[in-house]
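Engineer: Here you go, my_file_9.cif (mmCIF, C-alpha atoms):
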```cif
data_model
#
loop_
_atom_site.label_atom_id
_atom_site.label_comp_id
_atom_site.auth_asym_id
_atom_site.auth_seq_id
_atom_site.Cartn_x
_atom_site.Cartn_y
_atom_site.Cartn_z
CA MET A 3 110.09 222.06 120.59
CA ALA A 4 111.42 219.01 122.40
CA ILE A 5 114.20 216.95 120.81
CA GLU A 6 112.04 213.80 120.81
CA ASP A 7 109.57 215.61 118.56
CA GLU A 8 112.26 215.82 115.84
CA ILE A 9 113.07 212.07 115.81
CA ILE A 10 111.94 210.17 112.64
CA ASN A 11 111.95 206.37 112.64
CA ILE A 12 112.63 204.30 109.48
CA THR A 13 109.22 202.73 109.83
CA ASP A 14 107.66 206.15 109.60
CA ILE A 15 109.03 206.75 106.07
CA ASP A 16 106.60 206.32 103.17
CA VAL A 17 106.96 202.99 101.32
CA GLY A 18 107.92 203.42 97.65
CA THR A 19 106.63 201.17 94.89
CA GLU A 20 109.51 201.53 92.39
CA ILE A 21 112.99 202.95 91.92
CA LEU A 22 113.81 205.19 88.97
CA ASN A 23 117.12 205.96 87.31
CA ASN A 24 117.35 209.39 88.92
CA ASP A 25 116.44 208.17 92.41
CA LYS A 26 119.25 208.27 94.96
CA LEU A 27 120.71 205.65 97.24
CA ILE A 28 122.62 206.50 100.43
CA ILE A 29 125.91 204.60 100.60
CA GLU A 30 128.67 204.57 103.18
CA THR A 31 132.18 204.74 101.66
CA ASN A 32 135.69 205.14 103.04
CA ASN A 33 135.41 208.78 102.06
CA GLY A 34 132.22 209.35 103.91
CA THR A 35 128.48 209.03 103.37
CA LYS A 36 127.40 209.80 99.82
CA LEU A 37 124.40 209.85 97.51
CA LEU A 38 124.45 207.52 94.45
CA ALA A 39 122.05 207.71 91.51
CA PHE A 40 120.39 204.33 90.89
CA LYS A 41 121.43 204.46 87.22
CA ASP A 42 125.07 204.51 88.34
CA LEU A 43 124.73 201.36 90.46
CA VAL A 44 127.05 198.62 89.11
CA ILE A 45 127.14 195.05 90.51
CA GLY A 46 130.32 193.21 89.52
CA GLU A 47 130.55 189.49 88.79
CA ASP A 48 132.32 188.91 92.11
CA ASN A 49 129.23 190.16 93.91
CA ILE A 50 126.82 187.73 92.12
CA THR A 51 126.48 184.61 94.24
CA PHE A 52 124.61 182.67 91.53
CA ARG A 53 126.96 183.61 88.69
CA ASP A 54 127.65 179.94 87.86
CA LYS A 55 123.97 179.36 87.25
CA LEU A 56 123.71 182.29 84.87
CA VAL A 57 126.60 181.22 82.65
CA GLN A 58 126.49 177.44 83.38
CA GLY A 59 130.13 177.36 84.30
CA ALA A 60 131.36 178.68 80.96
CA ASP A 61 132.18 181.97 79.40
CA ALA A 62 129.02 183.24 77.69
CA THR A 63 130.96 185.71 75.61
CA GLY A 64 132.91 185.04 72.44
CA GLU A 65 132.39 182.39 69.78
CA SER A 66 130.03 179.43 70.31
CA SER A 67 129.53 176.15 68.49
CA THR A 68 126.55 173.92 67.85
CA THR A 69 126.37 170.13 67.84
CA PHE A 70 123.57 168.15 66.21
CA THR A 71 122.26 164.61 66.10
CA THR A 72 120.14 163.31 63.22
CA VAL A 73 116.65 161.91 63.89
CA THR A 74 114.70 160.67 60.82
CA GLY A 75 116.69 163.08 58.65
CA HIS A 76 116.24 166.12 60.95
CA ASN A 77 119.15 167.87 62.74
CA ILE A 78 118.46 168.23 66.47
CA LEU A 79 120.64 170.31 68.85
CA THR A 80 122.45 168.26 71.49
CA SER A 81 123.66 169.18 74.98
CA ASP A 82 127.20 169.50 73.60
CA THR A 83 126.24 172.86 72.09
CA THR A 84 128.11 175.76 73.72
CA ALA A 85 126.32 176.98 76.85
CA GLY A 86 124.77 180.39 76.34
CA HIS A 87 124.72 179.99 72.55
CA LEU A 88 122.38 182.47 70.90
CA ILE A 89 119.76 180.26 69.31
CA LYS A 90 118.70 181.05 65.75
CA TYR A 91 115.88 179.49 63.73
CA VAL A 92 118.33 177.43 61.68
CA ASP A 93 119.46 175.78 64.94
CA ILE A 94 115.97 174.63 65.94
CA SER A 95 114.40 174.18 62.50
CA GLY A 96 115.13 170.44 62.67
CA THR A 97 113.31 170.17 65.99
CA ILE A 98 110.34 172.07 64.56
CA GLU A 99 110.22 169.91 61.44
CA LEU A 100 110.54 166.75 63.53
CA GLY A 101 107.58 167.88 65.62
CA LYS A 102 105.54 168.38 62.45
CA PHE A 103 106.69 165.02 61.13
CA ASN A 104 105.55 163.29 64.32
CA TYR A 105 102.23 165.15 64.28
CA ASP A 106 101.53 164.05 60.71
CA ARG A 107 102.36 160.44 61.59
CA VAL A 108 100.13 160.47 64.65
CA ALA A 109 97.30 161.97 62.59
CA GLN A 110 97.82 159.29 59.93
CA PHE A 111 97.84 156.55 62.56
CA ALA A 112 94.65 157.94 64.10
CA SER A 113 92.94 157.84 60.70
CA LEU A 114 93.76 154.10 60.49
CA SER A 115 92.21 153.23 63.82
CA ALA A 116 89.01 151.94 62.19
CA THR A 117 91.02 149.80 59.75
CA ILE A 118 93.10 148.40 62.60
CA ALA A 119 89.96 147.44 64.50
CA GLN A 120 88.55 145.75 61.40
CA ASN A 121 91.80 143.85 60.80
CA GLU A 122 91.87 142.68 64.41
CA SER A 123 88.31 141.41 64.03
CA GLU A 124 89.14 139.53 60.83
CA ILE A 125 92.31 138.07 62.34
CA SER A 126 90.32 136.82 65.31
CA PHE A 127 87.84 135.20 62.92
CA LEU A 128 90.60 133.53 60.92
CA LYS A 129 92.20 132.23 64.11
CA SER A 130 88.92 130.68 65.17
CA GLU A 131 88.54 129.06 61.73
CA LEU A 132 92.12 127.76 61.90
CA ASN A 133 91.42 126.23 65.30
CA LEU A 134 88.34 124.56 63.81
CA ILE A 135 90.44 123.11 60.98
CA LYS A 136 93.05 121.85 63.44
CA THR A 137 90.34 120.26 65.56
CA THR A 138 88.74 118.60 62.54
CA PHE A 139 91.93 117.15 61.11
CA SER A 140 93.26 116.06 64.47
CA SER A 141 90.30 113.67 64.69
CA SER A 142 90.82 110.45 62.73
CA SER A 143 87.08 109.95 62.32
CA ALA A 144 86.56 113.48 61.02
CA LEU A 145 89.58 113.14 58.75
CA SER A 146 88.34 109.89 57.22
CA SER A 147 85.03 111.49 56.27
CA THR A 148 86.53 114.77 55.06
CA ALA A 149 89.83 114.05 53.34
CA LEU A 150 88.39 111.47 50.94
CA THR A 151 85.46 113.54 49.73
CA LEU A 152 87.32 114.91 46.70
CA SER A 153 89.72 111.97 46.23
CA ALA A 154 90.41 110.91 42.67
CA VAL A 155 90.80 107.33 41.46
CA ASN A 156 93.97 107.40 39.36
CA PHE A 157 95.69 104.24 38.13
CA TYR A 158 98.49 103.16 35.81
CA TYR A 159 99.21 99.49 35.02
CA GLN A 160 101.91 98.35 32.59
CA ASN A 161 103.26 95.19 30.98
CA GLY A 162 99.87 93.47 30.92
CA ALA A 163 98.88 90.70 28.52
CA SER A 164 95.94 88.55 27.44
CA THR A 165 94.83 85.96 29.94
CA THR A 166 94.92 83.26 27.23
CA GLY A 167 96.75 82.66 23.98
CA SER A 168 93.57 83.29 22.04
CA GLY A 169 92.76 86.63 23.65
CA GLY A 170 90.01 87.49 26.12
CA ASP A 171 90.45 89.43 29.35
CA ILE A 172 93.61 91.40 30.12
CA LYS A 173 95.75 90.58 33.15
CA PHE A 174 98.43 92.52 35.07
CA THR A 175 100.82 91.58 37.85
CA SER A 176 101.66 93.48 41.03
CA ASP A 177 105.04 94.39 39.51
CA GLY A 178 103.20 96.27 36.78
CA VAL A 179 101.33 98.63 39.13
CA VAL A 180 102.93 102.06 38.57
CA VAL A 181 100.14 104.16 40.14
CA ASP A 182 98.08 102.28 42.70
CA PRO A 183 94.48 103.65 42.74
CA THR A 184 94.16 102.81 46.45
CA LYS A 185 96.74 105.53 47.12
CA THR A 186 94.37 108.18 45.80
CA ASN A 187 91.21 106.57 47.17
CA ALA A 188 91.30 103.79 49.72
CA GLU A 189 87.71 102.72 48.90
CA VAL A 190 88.42 101.70 45.30
CA SER A 191 88.20 98.00 44.37
CA GLN A 192 90.76 96.68 41.87
CA ASN A 193 91.49 93.26 40.39
CA LEU A 194 94.66 92.53 38.43
CA ASN A 195 93.84 89.13 36.90
CA PRO A 196 91.54 89.47 35.09
CA PHE A 197 91.72 93.25 35.16
CA SER A 198 88.82 95.26 36.52
CA ILE A 199 88.50 98.43 38.58
CA THR A 200 85.34 99.42 40.47
CA TYR A 201 84.97 103.05 41.50
CA PRO A 202 83.76 103.78 45.08
CA ASP A 203 80.01 104.16 45.47
CA ASP A 204 80.23 106.26 48.65
CA SER A 205 80.95 109.96 49.28
CA SER A 206 84.69 109.40 48.89
CA TYR A 207 84.35 109.64 45.11
CA VAL A 208 82.48 112.18 42.99
CA GLY A 209 81.38 111.22 39.48
CA SER A 210 84.08 112.46 37.11
CA TYR A 211 85.35 112.45 33.54
CA ILE A 212 88.27 110.01 33.28
CA MET A 213 90.86 109.91 30.51
CA PHE A 214 91.77 106.30 29.64
CA THR A 215 94.99 105.75 27.66
CA LEU A 216 96.08 102.48 26.02
CA ASN A 217 99.53 101.57 24.70
CA PHE A 218 99.95 98.06 23.27
CA ASP A 219 102.13 95.90 21.03
CA THR A 220 100.92 93.20 18.63
CA HIS A 221 102.42 90.89 16.05
CA LYS A 222 102.14 91.95 12.41
CA SER A 223 100.03 88.92 11.59
CA ARG A 224 97.36 89.65 14.20
CA SER A 225 94.37 91.96 14.01
CA PRO A 226 93.03 92.18 17.60
CA ARG A 227 90.16 94.34 18.71
CA LEU A 228 90.64 95.99 22.13
CA THR A 229 87.51 97.07 24.00
CA ILE A 230 86.87 99.05 27.18
CA TYR A 231 83.63 98.04 28.92
CA LYS A 232 81.73 99.93 31.57
CA THR A 233 79.28 98.26 33.91
CA THR A 234 76.84 100.91 35.08
CA VAL A 235 75.88 100.70 38.72
CA ALA A 236 72.50 102.33 38.00
CA ASN A 237 71.15 99.31 36.06
CA GLY A 238 73.96 96.73 36.14
CA ALA A 239 74.27 96.77 32.35
CA THR A 240 77.68 96.18 30.75
CA SER A 241 78.39 97.91 27.43
CA PRO A 242 81.46 98.87 25.40
CA VAL A 243 82.44 102.54 25.68
CA TRP A 244 85.50 102.34 23.40
CA SER A 245 86.76 99.82 20.85
CA TYR A 246 89.59 99.70 18.31
CA THR A 247 90.55 97.03 15.77
CA MET A 248 94.09 96.89 14.40
CA ALA A 249 94.55 95.89 10.76
CA LYS A 250 97.14 93.37 9.67
CA THR A 251 100.28 94.68 8.01
CA ALA A 252 103.09 93.34 5.89
CA SER A 253 105.64 94.76 8.30
CA THR A 254 108.17 92.28 9.65
CA THR A 255 108.17 93.81 13.15
CA ASN A 256 105.68 94.19 15.96
CA ARG A 257 103.52 97.28 15.91
CA VAL A 258 102.99 99.77 18.79
CA PHE A 259 99.68 101.63 19.13
CA ALA A 260 98.53 104.42 21.49
CA HIS A 261 94.92 105.54 21.91
CA SER A 262 92.96 107.68 24.41
CA HIS A 263 89.31 107.87 25.39
CA ILE A 264 87.43 110.17 27.80
CA GLU A 265 84.50 108.66 29.67
CA TYR A 266 82.22 109.81 32.48
CA VAL A 267 82.39 107.33 35.36
CA ALA A 268 79.76 107.50 38.09
CA PRO A 269 80.27 106.20 41.65
CA GLY A 270 80.05 102.40 41.65
CA ASP A 271 80.75 101.96 37.90
CA ARG A 272 83.17 99.18 36.92
CA ILE A 273 85.74 99.30 34.06
CA THR A 274 87.14 96.20 32.32
CA LEU A 275 89.41 95.64 29.31
CA THR A 276 89.44 92.78 26.77
CA SER A 277 91.15 91.82 23.51
CA SER A 278 89.75 89.61 20.72
CA GLN A 279 93.22 88.13 20.06
CA HIS A 280 96.39 87.60 22.00
CA ILE A 281 98.17 90.77 23.18
CA SER A 282 101.71 90.38 24.46
CA LYS A 283 102.10 93.79 26.08
CA VAL A 284 99.61 96.46 27.08
CA ASN A 285 99.75 99.57 29.33
CA PHE A 286 96.52 101.02 30.67
CA LYS A 287 96.03 104.35 32.48
CA GLY A 288 93.05 106.17 33.94
CA PHE A 289 93.33 109.71 35.35
CA LYS A 290 90.62 112.06 36.57
CA LEU A 291 90.09 115.18 34.42
CA ALA A 292 87.14 116.96 36.01
CA THR A 293 83.89 116.39 37.85
#
```
As structure tokens, please, write out the structure in this file.

Structural biologist:
Amino acid sequence: MAIEDEIINITDIDVGTEILNNDKLIIETNNGTKLLAFKDLVIGEDNITFRDKLVQGADATGESSTTFTTVTGHNILTSDTTAGHLIKYVDISGTIELGKFNYDRVAQFASLSATIAQNESEISFLKSELNLIKTTFSSSSALSSTALTLSAVNFYYQNGASTTGSGGDIKFTSDGVVVDPTKTNAEVSQNLNPFSITYPDDSSYVGSYIMFTLNFDTHKSRSPRLTIYKTTVANGATSPVWSYTMAKTASTTNRVFAHSHIEYVAPGDRITLTSSQHISKVNFKGFKLAT
């Protein structure tokens, strides 16, 4: 047999698919070439080129410590925890609970999506209505026809007296106007001497029940009769709607009286006040109660 027939190349050796504990490795030592069982192969730390990546630059053995931060009441591990720390459930329970907490909140938010859409629709509607109101009240013409629709006609005159020494109509002065009816309705017509007040006959006034109140002084020797008249716009007729006669008294001082009357006043109606005898002081009020 020729020598070349005994030569075996590395490439001619069968390729193995695994290495078992009892398999042998050929190693070259200072004491010669030897066989080494795979189970006896030890690789020291100095021979691991990526050692720093395995232990993250710290000693993975010995005691370790954990550091937490609190998020919505849950303890979450931070990066200050010892590298290589053996994680237990207690260490990550906060993270797990926080995940569940967030899931529940997302699910709750998702269930409100329909309500949110409805609220957005209603808000958009209210904004459009608000813009309409702004547009209406920014127009002087629109304001004049809108703001006065529900205006009252409230008045309060004081320190009035008879127009003559023998009685008759009642008169007031501008100094005695406490509540000016034109402040509550610009369309009202008032006259101070002799007194009369005519309620607006347009849409600025709605027919209402008015409370009229009288306070007046008179001398003990007089017995005047005070009367409130209403002139109805429907037929132009004037008729008394309230009247009161004071009796004489033996008192040596003037007497003070106070009376009230509620009357329905339609648009265009006129109110007047008279006394059958002289009155030295009278206060007269009229305030809207209801339509």

Engineer: Which residues, named as in the file, does the PyMOL selection byres ((chain A and resi 84) around 9) pick out? Answer as an NGL selection string.

Structural biologist: :A and (60 or 62 or 65-69 or 81-83 or 85-87)

Engineer: Considering all atoms listed in the file, can you say which of A:Ser115, A:Ser278, A:Gln110, A:Ser206 comes closest to Ser168 in chain A?

Structural biologist: A:Ser278

Engineer: Report the distance between CA of Thr137 in chain A and CA of Ser123 in chain A in Å, rounded to one decimal place.

Structural biologist: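 So the answer is 21.3 Å.
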
Engineer: Given the file shown, determine the residues that the PyMOL selection byres ((chain A and resi 261) around 12) selects; report them as a PDB file with C-alpha atoms, keeping the file's coordinate frame.

Structural biologist:
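As written to disk, out.pdb reads:
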```pdb
ATOM      1  CA  MET A 213      90.860 109.910  30.510  1.00  0.00           C
ATOM      2  CA  PHE A 214      91.770 106.300  29.640  1.00  0.00           C
ATOM      3  CA  THR A 215      94.990 105.750  27.660  1.00  0.00           C
ATOM      4  CA  LEU A 216      96.080 102.480  26.020  1.00  0.00           C
ATOM      5  CA  ASN A 217      99.530 101.570  24.700  1.00  0.00           C
ATOM      6  CA  PHE A 218      99.950  98.060  23.270  1.00  0.00           C
ATOM      7  CA  LEU A 228      90.640  95.990  22.130  1.00  0.00           C
ATOM      8  CA  THR A 229      87.510  97.070  24.000  1.00  0.00           C
ATOM      9  CA  ILE A 230      86.870  99.050  27.180  1.00  0.00           C
ATOM     10  CA  TRP A 244      85.500 102.340  23.400  1.00  0.00           C
ATOM     11  CA  SER A 245      86.760  99.820  20.850  1.00  0.00           C
ATOM     12  CA  TYR A 246      89.590  99.700  18.310  1.00  0.00           C
ATOM     13  CA  THR A 247      90.550  97.030  15.770  1.00  0.00           C
ATOM     14  CA  MET A 248      94.090  96.890  14.400  1.00  0.00           C
ATOM     15  CA  VAL A 258     102.990  99.770  18.790  1.00  0.00           C
ATOM     16  CA  PHE A 259      99.680 101.630  19.130  1.00  0.00           C
ATOM     17  CA  ALA A 260      98.530 104.420  21.490  1.00  0.00           C
ATOM     18  CA  SER A 262      92.960 107.680  24.410  1.00  0.00           C
ATOM     19  CA  HIS A 263      89.310 107.870  25.390  1.00  0.00           C
ATOM     20  CA  ILE A 264      87.430 110.170  27.800  1.00  0.00           C
ATOM     21  CA  VAL A 284      99.610  96.460  27.080  1.00  0.00           C
ATOM     22  CA  ASN A 285      99.750  99.570  29.330  1.00  0.00           C
ATOM     23  CA  PHE A 286      96.520 101.020  30.670  1.00  0.00           C
ATOM     24  CA  LYS A 287      96.030 104.350  32.480  1.00  0.00           C
TER      25      LYS A 287
END
```

Engineer: So that I can check the surroundings of Asn187 in chain A, please list as an mmCIF file with C-alpha atoms, in the frame of the given file every protein, DNA and RNA residue that reaches within 12 Å of it, counting all atoms listed in the file and ignoring chain neighbours fewer than 4 positions away.

Structural biologist:
```cif
data_model
loop_
_atom_site.group_PDB
_atom_site.id
_atom_site.type_symbol
_atom_site.label_atom_id
_atom_site.label_comp_id
_atom_site.auth_asym_id
_atom_site.auth_seq_id
_atom_site.Cartn_x
_atom_site.Cartn_y
_atom_site.Cartn_z
ATOM 1 C CA SER A 146 88.340 109.890 57.220
ATOM 2 C CA ALA A 149 89.830 114.050 53.340
ATOM 3 C CA LEU A 150 88.390 111.470 50.940
ATOM 4 C CA THR A 151 85.460 113.540 49.730
ATOM 5 C CA LEU A 152 87.320 114.910 46.700
ATOM 6 C CA SER A 153 89.720 111.970 46.230
ATOM 7 C CA ALA A 154 90.410 110.910 42.670
ATOM 8 C CA VAL A 155 90.800 107.330 41.460
ATOM 9 C CA ASN A 156 93.970 107.400 39.360
ATOM 10 C CA PHE A 157 95.690 104.240 38.130
ATOM 11 C CA VAL A 181 100.140 104.160 40.140
ATOM 12 C CA ASP A 182 98.080 102.280 42.700
ATOM 13 C CA PRO A 183 94.480 103.650 42.740
ATOM 14 C CA SER A 191 88.200 98.000 44.370
ATOM 15 C CA GLN A 192 90.760 96.680 41.870
ATOM 16 C CA THR A 200 85.340 99.420 40.470
ATOM 17 C CA TYR A 201 84.970 103.050 41.500
ATOM 18 C CA PRO A 202 83.760 103.780 45.080
ATOM 19 C CA ASP A 203 80.010 104.160 45.470
ATOM 20 C CA ASP A 204 80.230 106.260 48.650
ATOM 21 C CA SER A 205 80.950 109.960 49.280
ATOM 22 C CA SER A 206 84.690 109.400 48.890
ATOM 23 C CA TYR A 207 84.350 109.640 45.110
ATOM 24 C CA VAL A 208 82.480 112.180 42.990
ATOM 25 C CA LYS A 290 90.620 112.060 36.570
#
```
